>>> print(open('input.cif').read())   # mmCIF, C-alpha atoms
data_data
loop_
_atom_site.group_PDB
_atom_site.id
_atom_site.type_symbol
_atom_site.label_atom_id
_atom_site.label_comp_id
_atom_site.auth_asym_id
_atom_site.auth_seq_id
_atom_site.Cartn_x
_atom_site.Cartn_y
_atom_site.Cartn_z
ATOM 1 C CA MET A 1 -34.222 -21.011 -2.119
ATOM 2 C CA PRO A 2 -35.293 -20.659 -5.747
ATOM 3 C CA ILE A 3 -36.037 -23.842 -7.647
ATOM 4 C CA SER A 4 -33.488 -23.081 -10.343
ATOM 5 C CA ASP A 5 -30.778 -23.535 -7.687
ATOM 6 C CA HIS A 6 -31.578 -27.225 -7.292
ATOM 7 C CA VAL A 7 -29.973 -29.748 -9.594
ATOM 8 C CA THR A 8 -33.097 -31.906 -9.200
ATOM 9 C CA ALA A 9 -35.203 -29.383 -11.139
ATOM 10 C CA TYR A 10 -32.922 -29.656 -14.161
ATOM 11 C CA LEU A 11 -32.814 -33.431 -13.817
ATOM 12 C CA ILE A 12 -36.615 -33.628 -13.826
ATOM 13 C CA VAL A 13 -36.804 -31.554 -17.028
ATOM 14 C CA SER A 14 -34.145 -33.829 -18.477
ATOM 15 C CA ALA A 15 -36.093 -36.934 -17.432
ATOM 16 C CA LEU A 16 -39.255 -35.584 -19.069
ATOM 17 C CA LEU A 17 -37.445 -34.821 -22.332
ATOM 18 C CA PHE A 18 -35.822 -38.263 -22.322
ATOM 19 C CA THR A 19 -39.193 -39.924 -21.749
ATOM 20 C CA ILE A 20 -40.810 -37.996 -24.598
ATOM 21 C CA GLY A 21 -37.949 -39.044 -26.868
ATOM 22 C CA ALA A 22 -38.299 -42.694 -25.869
ATOM 23 C CA MET A 23 -42.049 -42.477 -26.491
ATOM 24 C CA GLY A 24 -41.375 -41.020 -29.941
ATOM 25 C CA VAL A 25 -39.147 -43.944 -30.871
ATOM 26 C CA LEU A 26 -41.856 -46.346 -29.703
ATOM 27 C CA VAL A 27 -44.918 -44.827 -31.357
ATOM 28 C CA ARG A 28 -43.832 -43.167 -34.621
ATOM 29 C CA ARG A 29 -43.544 -45.026 -37.930
ATOM 30 C CA ASN A 30 -41.481 -42.534 -39.907
ATOM 31 C CA PRO A 31 -37.775 -43.334 -39.370
ATOM 32 C CA LEU A 32 -36.884 -39.643 -39.712
ATOM 33 C CA VAL A 33 -39.122 -38.777 -36.768
ATOM 34 C CA MET A 34 -37.706 -41.724 -34.826
ATOM 35 C CA PHE A 35 -34.270 -40.255 -35.518
ATOM 36 C CA MET A 36 -35.398 -36.868 -34.204
ATOM 37 C CA SER A 37 -36.631 -38.598 -31.059
ATOM 38 C CA ILE A 38 -33.183 -40.129 -30.593
ATOM 39 C CA GLU A 39 -31.750 -36.609 -30.881
ATOM 40 C CA LEU A 40 -34.224 -35.533 -28.199
ATOM 41 C CA MET A 41 -32.936 -38.242 -25.854
ATOM 42 C CA LEU A 42 -29.300 -37.289 -26.483
ATOM 43 C CA ASN A 43 -30.102 -33.666 -25.726
ATOM 44 C CA ALA A 44 -31.979 -34.547 -22.560
ATOM 45 C CA VAL A 45 -28.847 -36.281 -21.297
ATOM 46 C CA ASN A 46 -26.781 -33.254 -22.368
ATOM 47 C CA LEU A 47 -28.955 -31.061 -20.175
ATOM 48 C CA SER A 48 -28.328 -33.232 -17.133
ATOM 49 C CA PHE A 49 -24.576 -33.274 -17.880
ATOM 50 C CA MET A 50 -24.563 -29.472 -18.008
ATOM 51 C CA ALA A 51 -26.553 -29.232 -14.782
ATOM 52 C CA PHE A 52 -24.095 -31.554 -13.031
ATOM 53 C CA ALA A 53 -21.131 -29.613 -14.414
ATOM 54 C CA HIS A 54 -22.578 -26.423 -12.988
ATOM 55 C CA PHE A 55 -23.607 -27.759 -9.600
ATOM 56 C CA LEU A 56 -20.550 -29.982 -9.037
ATOM 57 C CA ASN A 57 -18.275 -27.173 -10.263
ATOM 58 C CA SER A 58 -16.492 -29.587 -12.578
ATOM 59 C CA VAL A 59 -15.522 -29.276 -16.220
ATOM 60 C CA ASP A 60 -16.106 -32.987 -16.969
ATOM 61 C CA GLY A 61 -19.752 -32.367 -17.821
ATOM 62 C CA TRP A 62 -18.794 -29.928 -20.570
ATOM 63 C CA MET A 63 -16.417 -32.480 -22.069
ATOM 64 C CA PHE A 64 -19.108 -35.139 -22.095
ATOM 65 C CA VAL A 65 -21.529 -32.742 -23.781
ATOM 66 C CA PHE A 66 -18.894 -31.990 -26.423
ATOM 67 C CA LEU A 67 -18.316 -35.696 -27.087
ATOM 68 C CA VAL A 68 -22.051 -36.446 -27.179
ATOM 69 C CA LEU A 69 -22.499 -33.602 -29.670
ATOM 70 C CA THR A 70 -19.815 -35.012 -31.955
ATOM 71 C CA VAL A 71 -21.160 -38.551 -31.734
ATOM 72 C CA ALA A 72 -24.664 -37.251 -32.473
ATOM 73 C CA ALA A 73 -23.389 -35.433 -35.556
ATOM 74 C CA ALA A 74 -21.622 -38.580 -36.811
ATOM 75 C CA GLU A 75 -24.728 -40.644 -36.076
ATOM 76 C CA VAL A 76 -26.933 -38.215 -38.030
ATOM 77 C CA VAL A 77 -24.609 -38.355 -41.052
ATOM 78 C CA VAL A 78 -24.476 -42.155 -41.200
ATOM 79 C CA GLY A 79 -28.128 -42.687 -40.263
ATOM 80 C CA LEU A 80 -29.437 -40.262 -42.859
ATOM 81 C CA ALA A 81 -27.234 -41.874 -45.501
ATOM 82 C CA ILE A 82 -28.743 -45.259 -44.605
ATOM 83 C CA ILE A 83 -32.295 -43.865 -44.732
ATOM 84 C CA VAL A 84 -31.641 -42.207 -48.102
ATOM 85 C CA SER A 85 -30.278 -45.424 -49.582
ATOM 86 C CA ILE A 86 -33.303 -47.374 -48.262
ATOM 87 C CA PHE A 87 -35.588 -44.768 -49.827
ATOM 88 C CA ARG A 88 -33.795 -45.147 -53.163
ATOM 89 C CA SER A 89 -34.501 -48.862 -53.328
ATOM 90 C CA ARG A 90 -37.976 -48.978 -51.746
ATOM 91 C CA HIS A 91 -39.571 -45.527 -52.384
ATOM 92 C CA GLU A 92 -41.315 -45.559 -49.055
ATOM 93 C CA ILE A 93 -39.641 -45.415 -45.726
ATOM 94 C CA ASP A 94 -42.222 -46.311 -43.076
ATOM 95 C CA VAL A 95 -40.836 -48.908 -40.748
ATOM 96 C CA ASP A 96 -43.960 -51.019 -40.304
ATOM 97 C CA MET B 1 -40.287 -15.710 -7.467
ATOM 98 C CA VAL B 2 -36.973 -14.461 -8.666
ATOM 99 C CA ALA B 3 -36.011 -13.903 -12.288
ATOM 100 C CA GLY B 4 -34.033 -17.127 -12.443
ATOM 101 C CA ASP B 5 -37.101 -19.141 -11.486
ATOM 102 C CA ILE B 6 -39.279 -17.461 -14.100
ATOM 103 C CA ALA B 7 -36.635 -18.086 -16.774
ATOM 104 C CA PHE B 8 -36.339 -21.714 -15.675
ATOM 105 C CA LEU B 9 -40.082 -22.334 -15.777
ATOM 106 C CA VAL B 10 -40.531 -20.639 -19.167
ATOM 107 C CA LEU B 11 -37.603 -22.557 -20.657
ATOM 108 C CA ALA B 12 -38.793 -25.855 -19.185
ATOM 109 C CA THR B 13 -42.277 -25.286 -20.599
ATOM 110 C CA VAL B 14 -40.935 -24.433 -24.058
ATOM 111 C CA ALA B 15 -38.575 -27.420 -24.023
ATOM 112 C CA VAL B 16 -41.210 -29.959 -22.981
ATOM 113 C CA ALA B 17 -43.890 -28.512 -25.289
ATOM 114 C CA SER B 18 -41.591 -28.527 -28.308
ATOM 115 C CA ALA B 19 -40.492 -32.077 -27.469
ATOM 116 C CA PHE B 20 -44.163 -33.094 -27.495
ATOM 117 C CA GLY B 21 -44.431 -31.330 -30.846
ATOM 118 C CA VAL B 22 -41.642 -33.489 -32.278
ATOM 119 C CA VAL B 23 -43.549 -36.641 -31.354
ATOM 120 C CA THR B 24 -47.107 -35.547 -32.169
ATOM 121 C CA PHE B 25 -46.908 -33.473 -35.383
ATOM 122 C CA ARG B 26 -47.965 -35.640 -38.311
ATOM 123 C CA ASN B 27 -45.908 -33.720 -40.853
ATOM 124 C CA PRO B 28 -42.193 -34.516 -40.344
ATOM 125 C CA ILE B 29 -41.167 -30.985 -41.346
ATOM 126 C CA TYR B 30 -43.151 -29.540 -38.435
ATOM 127 C CA SER B 31 -41.513 -32.133 -36.167
ATOM 128 C CA MET B 32 -38.159 -30.944 -37.445
ATOM 129 C CA LEU B 33 -38.876 -27.276 -36.744
ATOM 130 C CA SER B 34 -40.157 -28.248 -33.311
ATOM 131 C CA LEU B 35 -36.897 -30.093 -32.659
ATOM 132 C CA ILE B 36 -34.929 -26.957 -33.599
ATOM 133 C CA LEU B 37 -37.001 -24.961 -31.078
ATOM 134 C CA ASN B 38 -36.203 -27.641 -28.482
ATOM 135 C CA LEU B 39 -32.469 -27.404 -29.189
ATOM 136 C CA LEU B 40 -32.591 -23.600 -28.918
ATOM 137 C CA SER B 41 -34.387 -23.770 -25.569
ATOM 138 C CA LEU B 42 -31.695 -26.188 -24.369
ATOM 139 C CA ALA B 43 -29.070 -23.669 -25.501
ATOM 140 C CA PHE B 44 -30.772 -21.072 -23.305
ATOM 141 C CA PHE B 45 -30.730 -23.594 -20.446
ATOM 142 C CA PHE B 46 -26.970 -23.877 -20.958
ATOM 143 C CA LEU B 47 -26.718 -20.077 -20.802
ATOM 144 C CA THR B 48 -28.526 -20.023 -17.464
ATOM 145 C CA LEU B 49 -26.037 -22.668 -16.292
ATOM 146 C CA GLU B 50 -23.222 -20.173 -17.031
ATOM 147 C CA SER B 51 -21.606 -21.956 -19.939
ATOM 148 C CA ILE B 52 -21.627 -19.530 -22.827
ATOM 149 C CA PHE B 53 -19.272 -21.585 -24.971
ATOM 150 C CA VAL B 54 -21.306 -24.797 -24.930
ATOM 151 C CA ALA B 55 -24.484 -22.805 -25.584
ATOM 152 C CA THR B 56 -22.774 -21.255 -28.604
ATOM 153 C CA ILE B 57 -21.687 -24.574 -30.076
ATOM 154 C CA GLN B 58 -25.151 -25.959 -29.371
ATOM 155 C CA VAL B 59 -26.655 -23.201 -31.531
ATOM 156 C CA LEU B 60 -23.958 -23.130 -34.230
ATOM 157 C CA ILE B 61 -23.315 -26.846 -34.690
ATOM 158 C CA TYR B 62 -26.418 -28.617 -33.461
ATOM 159 C CA ALA B 63 -29.319 -26.269 -34.169
ATOM 160 C CA GLY B 64 -27.442 -24.885 -37.169
ATOM 161 C CA ALA B 65 -25.345 -27.341 -39.134
ATOM 162 C CA VAL B 66 -26.718 -30.740 -38.077
ATOM 163 C CA MET B 67 -30.323 -29.616 -38.267
ATOM 164 C CA VAL B 68 -29.844 -28.070 -41.724
ATOM 165 C CA LEU B 69 -28.565 -31.435 -42.955
ATOM 166 C CA PHE B 70 -31.524 -33.098 -41.266
ATOM 167 C CA LEU B 71 -34.045 -30.646 -42.734
ATOM 168 C CA PHE B 72 -32.545 -31.145 -46.183
ATOM 169 C CA VAL B 73 -33.054 -34.906 -46.004
ATOM 170 C CA VAL B 74 -36.538 -34.526 -44.507
ATOM 171 C CA THR B 75 -37.674 -32.236 -47.320
ATOM 172 C CA MET B 76 -36.081 -34.573 -49.876
ATOM 173 C CA LEU B 77 -37.788 -37.707 -48.541
ATOM 174 C CA THR B 78 -41.163 -36.228 -47.600
ATOM 175 C CA PRO B 79 -43.599 -36.699 -50.502
ATOM 176 C CA LYS B 80 -46.234 -34.149 -51.492
ATOM 177 C CA GLY B 81 -49.025 -33.812 -48.983
ATOM 178 C CA GLY B 82 -46.773 -33.805 -45.969
ATOM 179 C CA GLY B 83 -45.854 -37.463 -45.977
ATOM 180 C CA ILE B 84 -48.895 -38.454 -43.972
ATOM 181 C CA SER B 85 -49.107 -42.152 -44.641
ATOM 182 C CA GLY B 86 -52.160 -44.331 -44.717
ATOM 183 C CA PRO B 87 -54.246 -45.541 -41.804
ATOM 184 C CA ASP B 88 -52.408 -46.720 -38.771
ATOM 185 C CA ARG B 89 -52.421 -50.486 -38.698
ATOM 186 C CA LEU B 90 -51.062 -50.607 -35.171
ATOM 187 C CA ARG B 91 -53.389 -48.382 -33.165
ATOM 188 C CA TRP B 92 -52.561 -50.075 -29.868
ATOM 189 C CA GLN B 93 -48.975 -48.882 -30.343
ATOM 190 C CA TRP B 94 -49.869 -45.355 -29.191
ATOM 191 C CA THR B 95 -51.630 -46.615 -26.074
ATOM 192 C CA ALA B 96 -48.786 -48.943 -25.199
ATOM 193 C CA GLY B 97 -46.169 -46.264 -25.917
ATOM 194 C CA ILE B 98 -47.864 -43.619 -23.801
ATOM 195 C CA GLY B 99 -48.393 -46.103 -20.969
ATOM 196 C CA LEU B 100 -44.745 -47.151 -20.993
ATOM 197 C CA ALA B 101 -43.671 -43.497 -21.201
ATOM 198 C CA ILE B 102 -45.741 -42.613 -18.129
ATOM 199 C CA ILE B 103 -44.182 -45.528 -16.239
ATOM 200 C CA LEU B 104 -40.661 -44.427 -17.272
ATOM 201 C CA ALA B 105 -41.228 -40.779 -16.377
ATOM 202 C CA GLY B 106 -42.823 -41.681 -13.053
ATOM 203 C CA GLY B 107 -40.013 -44.028 -12.145
ATOM 204 C CA LEU B 108 -37.331 -41.515 -13.083
ATOM 205 C CA ILE B 109 -38.950 -38.641 -11.184
ATOM 206 C CA ILE B 110 -39.654 -40.723 -8.085
ATOM 207 C CA SER B 111 -36.080 -41.972 -7.980
ATOM 208 C CA LEU B 112 -34.782 -38.423 -8.529
ATOM 209 C CA LEU B 113 -36.897 -36.991 -5.725
ATOM 210 C CA ASN B 114 -36.069 -39.812 -3.303
ATOM 211 C CA GLY B 115 -32.370 -40.084 -4.057
ATOM 212 C CA SER B 116 -29.547 -38.270 -2.376
ATOM 213 C CA ILE B 117 -28.381 -36.572 -5.580
ATOM 214 C CA ALA B 118 -29.589 -33.167 -4.486
ATOM 215 C CA ASP B 119 -27.529 -33.299 -1.296
ATOM 216 C CA GLY B 120 -24.420 -34.649 -2.985
ATOM 217 C CA ALA B 121 -24.508 -32.090 -5.775
ATOM 218 C CA LYS B 122 -23.392 -29.244 -3.577
ATOM 219 C CA VAL B 123 -19.834 -30.498 -3.112
ATOM 220 C CA ALA B 124 -18.108 -27.432 -4.431
ATOM 221 C CA GLY B 125 -14.693 -27.011 -5.965
ATOM 222 C CA MET B 126 -14.017 -30.529 -7.221
ATOM 223 C CA ASN B 127 -12.256 -29.445 -10.388
ATOM 224 C CA GLY B 128 -12.599 -25.722 -9.784
ATOM 225 C CA LEU B 129 -14.652 -24.968 -12.887
ATOM 226 C CA SER B 130 -15.855 -21.607 -11.647
ATOM 227 C CA ALA B 131 -12.313 -20.655 -10.651
ATOM 228 C CA ALA B 132 -11.006 -21.587 -14.117
ATOM 229 C CA VAL B 133 -13.811 -19.647 -15.774
ATOM 230 C CA ALA B 134 -13.090 -16.643 -13.613
ATOM 231 C CA ARG B 135 -9.375 -16.855 -14.408
ATOM 232 C CA TYR B 136 -9.349 -17.585 -18.165
ATOM 233 C CA GLY B 137 -12.933 -17.107 -19.348
ATOM 234 C CA ASN B 138 -15.408 -19.593 -20.646
ATOM 235 C CA ALA B 139 -13.982 -20.805 -23.960
ATOM 236 C CA GLN B 140 -10.430 -20.871 -22.630
ATOM 237 C CA ALA B 141 -11.443 -23.041 -19.683
ATOM 238 C CA PHE B 142 -13.159 -25.403 -22.133
ATOM 239 C CA GLY B 143 -10.104 -25.614 -24.386
ATOM 240 C CA GLU B 144 -7.747 -26.068 -21.454
ATOM 241 C CA ALA B 145 -9.749 -29.048 -20.212
ATOM 242 C CA LEU B 146 -10.183 -30.466 -23.715
ATOM 243 C CA PHE B 147 -6.521 -30.399 -24.679
ATOM 244 C CA HIS B 148 -5.064 -31.302 -21.297
ATOM 245 C CA GLY B 149 -7.283 -33.746 -19.471
ATOM 246 C CA PHE B 150 -9.301 -35.021 -22.428
ATOM 247 C CA SER B 151 -6.868 -35.091 -25.328
ATOM 248 C CA PHE B 152 -7.239 -38.830 -25.955
ATOM 249 C CA PRO B 153 -11.058 -38.719 -26.224
ATOM 250 C CA PHE B 154 -10.594 -35.705 -28.483
ATOM 251 C CA GLU B 155 -8.368 -37.699 -30.860
ATOM 252 C CA VAL B 156 -10.795 -40.631 -30.807
ATOM 253 C CA THR B 157 -13.553 -38.164 -31.745
ATOM 254 C CA GLY B 158 -11.522 -37.138 -34.789
ATOM 255 C CA VAL B 159 -11.163 -40.780 -35.852
ATOM 256 C CA LEU B 160 -14.908 -41.273 -35.346
ATOM 257 C CA LEU B 161 -15.711 -38.306 -37.603
ATOM 258 C CA VAL B 162 -13.438 -39.655 -40.341
ATOM 259 C CA ILE B 163 -15.175 -43.033 -40.109
ATOM 260 C CA ALA B 164 -18.579 -41.331 -40.287
ATOM 261 C CA VAL B 165 -17.603 -39.351 -43.398
ATOM 262 C CA LEU B 166 -16.259 -42.496 -45.095
ATOM 263 C CA GLY B 167 -19.415 -44.401 -44.141
ATOM 264 C CA ALA B 168 -21.643 -41.702 -45.600
ATOM 265 C CA VAL B 169 -19.642 -41.684 -48.842
ATOM 266 C CA VAL B 170 -19.807 -45.477 -49.153
ATOM 267 C CA LEU B 171 -23.538 -45.600 -48.343
ATOM 268 C CA SER B 172 -24.594 -42.854 -50.735
ATOM 269 C CA ARG B 173 -22.419 -43.916 -53.679
ATOM 270 C CA ARG B 174 -24.267 -44.972 -56.815
ATOM 271 C CA PHE B 175 -22.895 -48.171 -58.244
ATOM 272 C CA ALA B 176 -22.279 -48.490 -61.969
ATOM 273 C CA HIS B 177 -24.721 -51.325 -62.555
ATOM 274 C CA GLU B 178 -27.660 -49.425 -61.036
#
>>> encode(input="input.cif", output="structure tokens")
Amino acid sequence: MPISDHVTAYLIVSALLFTIGAMGVLVRRNPLVMFMSIELMLNAVNLSFMAFAHFLNSVDGWMFVFLVLTVAAAEVVVGLAIIVSIFRSRHEIDVD
Amino acid sequence: MVAGDIAFLVLATVAVASAFGVVTFRNPIYSMLSLILNLLSLAFFFLTLESIFVATIQVLIYAGAVMVLFLFVVTMLTPKGGGISGPDRLRWQWTAGIGLAIILAGGLIISLLNGSIADGAKVAGMNGLSAAVARYGNAQAFGEALFHGFSFPFEVTGVLLVIAVLGAVVLSRRFAHE
């Protein structure tokens, strides 16, 4: 049985991407890169939702991915506005 | 090895490598481009999982619109010279972060390999996704589920977007006394 027929393979890729995103939030100082790492984590979870939707033959996973996508877009808009207004008053944005 | 396996391994390699790129590139613009590559590889993952519609909105909305906004802000806030800031005052942070990341990844993978998810995930026909896709097609099955079973979350999403737009306007407004 090929490995791409197991849901566990997709979940392991998703776990690796999530871990890399969590590591990025921990180690980087630039808030923009920390933001990108949060996007990485959201997308890792999206991948596992899509894998479950496919293997459980259920449409719920697609709906969750759609909602996560919308929330991520809203989060990017508000977060970037906050970062831009911090930059305006401080002229450097490193978090440490 | 069948074609599906080769596609899976190539996509997994690209996804993980570009995710590492996001974290390790010192210039935030390179991190950004690496993140776009990661999102595109995830869109191809969605294609291999037989969901053309979600792969399309991943490319159009996420890798397209959201990332263009992101790239715009990154280029605006990154000073000349790539935004590489001074010496790292917290060198132990990398060691601690990588150590914690290895622990997290190990724990997740061990629990995935030992759990009973793989057996449970073959219960077919719960909501009949493949039947709906075969009957209406991909986007129609998505819309049917969105506007029938998930109409309340859909409305809440609309409210959330309005709040986000208002928040962005309030945060980026210049006040008269500035």
>>> resolve_selection(input="input.cif", expression="the PyMOL selection byres ((chain A and resi 91-96) around 9)", output="ChimeraX atom specification")
/A:28-32,83-84,86-90 /B:77,85,89-90
>>> residues_around(input="input.cif", residues="A:Leu80", least_positions_apart="5", cutoff="9 Å", atoms="all atoms listed in the file", output="list of chain:residue names")
A:Leu32, A:Phe35, A:Glu75, A:Ser85, B:Leu69, B:Phe70, B:Val73, B:Ala168
>>> residues_around(input="input.cif", residues="B:Leu42", least_positions_apart="6", cutoff="9 Å", atoms="all atoms listed in the file", output="list in words")
Asn43, Ala44, Asn46 and Leu47 of chain A; Leu11, Ala12, Ala15, Ala55 and Gln58 of chain B
>>> closest_residue(input="input.cif", among="A:Ala9, A:Leu17, A:Ser48, A:Asp60", to="B:Val14", atoms="all atoms listed in the file")
A:Leu17
>>> closest_residue(input="input.cif", among="B:Val169, B:Ala164, B:Ile98, B:Ala134", to="A:Leu26", atoms="only C-alpha atoms")
B:Ile98
>>> closest_atom_pairs(input="input.cif", of="chain A", to="chain B", cutoff="8 Å", atoms="all atoms listed in the file", output="Markdown table")
| residue | atom | partner | partner_atom | distance |
| --- | --- | --- | --- | --- |
| A:Pro2 | CA | B:Asp5 | CA | 6.2 |
| A:Ile3 | CA | B:Asp5 | CA | 6.2 |
| A:Ser4 | CA | B:Asp5 | CA | 5.5 |
| A:His6 | CA | B:Ala118 | CA | 6.9 |
| A:Val7 | CA | B:Ala118 | CA | 6.2 |
| A:Thr8 | CA | B:Ala118 | CA | 6.0 |
| A:Leu11 | CA | B:Leu112 | CA | 7.5 |
| A:Ile12 | CA | B:Ile109 | CA | 6.1 |
| A:Val13 | CA | B:Ala12 | CA | 6.4 |
| A:Ala15 | CA | B:Leu108 | CA | 6.4 |
| A:Leu16 | CA | B:Ala105 | CA | 6.2 |
| A:Leu17 | CA | B:Val16 | CA | 6.2 |
| A:Thr19 | CA | B:Ala101 | CA | 5.8 |
| A:Ile20 | CA | B:Ala19 | CA | 6.6 |
| A:Gly21 | CA | B:Ala19 | CA | 7.4 |
| A:Ala22 | CA | B:Ala101 | CA | 7.2 |
| A:Met23 | CA | B:Gly97 | CA | 5.6 |
| A:Gly24 | CA | B:Val23 | CA | 5.1 |
| A:Leu26 | CA | B:Gly97 | CA | 5.7 |
| A:Val27 | CA | B:Trp94 | CA | 5.4 |
| A:Arg28 | CA | B:Val23 | CA | 7.3 |
| A:Leu32 | CA | B:Val74 | CA | 7.0 |
| A:Val33 | CA | B:Pro28 | CA | 6.4 |
| A:Met36 | CA | B:Leu35 | CA | 7.1 |
| A:Ser37 | CA | B:Val23 | CA | 7.2 |
| A:Leu40 | CA | B:Ala19 | CA | 7.2 |
| A:Asn43 | CA | B:Leu39 | CA | 7.5 |
| A:Leu47 | CA | B:Leu42 | CA | 7.0 |
| A:Met50 | CA | B:Phe46 | CA | 6.8 |
| A:Ala51 | CA | B:Leu49 | CA | 6.8 |
| A:Phe52 | CA | B:Ala121 | CA | 7.3 |
| A:His54 | CA | B:Leu49 | CA | 6.1 |
| A:Phe55 | CA | B:Ala121 | CA | 5.8 |
| A:Leu56 | CA | B:Ala121 | CA | 5.5 |
| A:Asn57 | CA | B:Leu129 | CA | 5.0 |
| A:Ser58 | CA | B:Asn127 | CA | 4.8 |
| A:Val59 | CA | B:Leu129 | CA | 5.5 |
| A:Trp62 | CA | B:Val54 | CA | 7.2 |
| A:Met63 | CA | B:Leu146 | CA | 6.8 |
| A:Phe66 | CA | B:Val54 | CA | 7.7 |
| A:Leu67 | CA | B:Thr157 | CA | 7.1 |
| A:Leu69 | CA | B:Tyr62 | CA | 7.4 |
| A:Thr70 | CA | B:Thr157 | CA | 7.0 |
| A:Val71 | CA | B:Thr157 | CA | 7.6 |
| A:Ala73 | CA | B:Val66 | CA | 6.3 |
| A:Ala74 | CA | B:Ala164 | CA | 5.4 |
| A:Glu75 | CA | B:Ala164 | CA | 7.5 |
| A:Val76 | CA | B:Val66 | CA | 7.5 |
| A:Val77 | CA | B:Ala168 | CA | 6.4 |
| A:Val78 | CA | B:Ala168 | CA | 5.3 |
| A:Leu80 | CA | B:Val73 | CA | 7.2 |
| A:Ala81 | CA | B:Ala168 | CA | 5.6 |
| A:Ile82 | CA | B:Leu171 | CA | 6.4 |
| A:Val84 | CA | B:Ser172 | CA | 7.6 |
| A:Ser85 | CA | B:Ser172 | CA | 6.3 |
| A:Phe87 | CA | B:Leu77 | CA | 7.5 |
>>> axis_aligned_box(input="input.cif", around="stretch 34-37 of chain A", padding_each_side="5 Å", output="JSON")
{"center_x": -36.0, "center_y": -39.3, "center_z": -33.3, "size_x": 13.4, "size_y": 14.9, "size_z": 14.5}
>>> atom_distance(input="input.cif", atom1="atom CA of A:Phe49", atom2="atom CA of B:Ile52")
14.9 Å
>>> atom_distance(input="input.cif", atom1="atom CA of A:Ala72", atom2="atom CA of A:Glu39")
7.3 Å
>>> atom_distance(input="input.cif", atom1="atom CA of B:Val159", atom2="atom CA of A:Leu42")
20.7 Å
>>> build_atoms(input="input.cif", residues="stretch 11-22 of chain A", atoms="N, CA, C and O atoms", output="PDB file, keeping the file's coordinate frame")
ATOM      1  N   LEU A  11     -32.768 -32.002 -13.524  1.00  0.00           N
ATOM      2  CA  LEU A  11     -32.814 -33.431 -13.817  1.00  0.00           C
ATOM      3  C   LEU A  11     -34.232 -33.875 -14.148  1.00  0.00           C
ATOM      4  O   LEU A  11     -34.427 -34.770 -14.974  1.00  0.00           O
ATOM      5  N   ILE A  12     -35.235 -33.236 -13.518  1.00  0.00           N
ATOM      6  CA  ILE A  12     -36.615 -33.628 -13.826  1.00  0.00           C
ATOM      7  C   ILE A  12     -36.976 -33.202 -15.245  1.00  0.00           C
ATOM      8  O   ILE A  12     -37.578 -33.960 -16.003  1.00  0.00           O
ATOM      9  N   VAL A  13     -36.560 -31.976 -15.639  1.00  0.00           N
ATOM     10  CA  VAL A  13     -36.804 -31.554 -17.028  1.00  0.00           C
ATOM     11  C   VAL A  13     -36.118 -32.522 -17.985  1.00  0.00           C
ATOM     12  O   VAL A  13     -36.691 -32.958 -18.994  1.00  0.00           O
ATOM     13  N   SER A  14     -34.884 -32.902 -17.639  1.00  0.00           N
ATOM     14  CA  SER A  14     -34.145 -33.829 -18.477  1.00  0.00           C
ATOM     15  C   SER A  14     -34.848 -35.172 -18.560  1.00  0.00           C
ATOM     16  O   SER A  14     -34.953 -35.769 -19.648  1.00  0.00           O
ATOM     17  N   ALA A  15     -35.389 -35.654 -17.432  1.00  0.00           N
ATOM     18  CA  ALA A  15     -36.093 -36.934 -17.432  1.00  0.00           C
ATOM     19  C   ALA A  15     -37.337 -36.856 -18.309  1.00  0.00           C
ATOM     20  O   ALA A  15     -37.643 -37.788 -19.057  1.00  0.00           O
ATOM     21  N   LEU A  16     -38.052 -35.724 -18.238  1.00  0.00           N
ATOM     22  CA  LEU A  16     -39.255 -35.584 -19.069  1.00  0.00           C
ATOM     23  C   LEU A  16     -38.896 -35.599 -20.549  1.00  0.00           C
ATOM     24  O   LEU A  16     -39.535 -36.283 -21.355  1.00  0.00           O
ATOM     25  N   LEU A  17     -37.836 -34.854 -20.921  1.00  0.00           N
ATOM     26  CA  LEU A  17     -37.445 -34.821 -22.332  1.00  0.00           C
ATOM     27  C   LEU A  17     -37.012 -36.206 -22.800  1.00  0.00           C
ATOM     28  O   LEU A  17     -37.369 -36.642 -23.898  1.00  0.00           O
ATOM     29  N   PHE A  18     -36.271 -36.918 -21.946  1.00  0.00           N
ATOM     30  CA  PHE A  18     -35.822 -38.263 -22.322  1.00  0.00           C
ATOM     31  C   PHE A  18     -37.017 -39.176 -22.538  1.00  0.00           C
ATOM     32  O   PHE A  18     -37.071 -39.954 -23.498  1.00  0.00           O
ATOM     33  N   THR A  19     -38.018 -39.062 -21.634  1.00  0.00           N
ATOM     34  CA  THR A  19     -39.193 -39.924 -21.749  1.00  0.00           C
ATOM     35  C   THR A  19     -39.958 -39.643 -23.035  1.00  0.00           C
ATOM     36  O   THR A  19     -40.411 -40.561 -23.720  1.00  0.00           O
ATOM     37  N   ILE A  20     -40.084 -38.337 -23.373  1.00  0.00           N
ATOM     38  CA  ILE A  20     -40.810 -37.996 -24.598  1.00  0.00           C
ATOM     39  C   ILE A  20     -40.066 -38.557 -25.809  1.00  0.00           C
ATOM     40  O   ILE A  20     -40.674 -39.084 -26.745  1.00  0.00           O
ATOM     41  N   GLY A  21     -38.728 -38.484 -25.768  1.00  0.00           N
ATOM     42  CA  GLY A  21     -37.949 -39.044 -26.868  1.00  0.00           C
ATOM     43  C   GLY A  21     -38.136 -40.545 -26.976  1.00  0.00           C
ATOM     44  O   GLY A  21     -38.329 -41.082 -28.080  1.00  0.00           O
ATOM     45  N   ALA A  22     -38.116 -41.236 -25.846  1.00  0.00           N
ATOM     46  CA  ALA A  22     -38.299 -42.694 -25.869  1.00  0.00           C
ATOM     47  C   ALA A  22     -39.682 -43.044 -26.397  1.00  0.00           C
ATOM     48  O   ALA A  22     -39.852 -43.982 -27.195  1.00  0.00           O
TER      49      ALA A  22
END
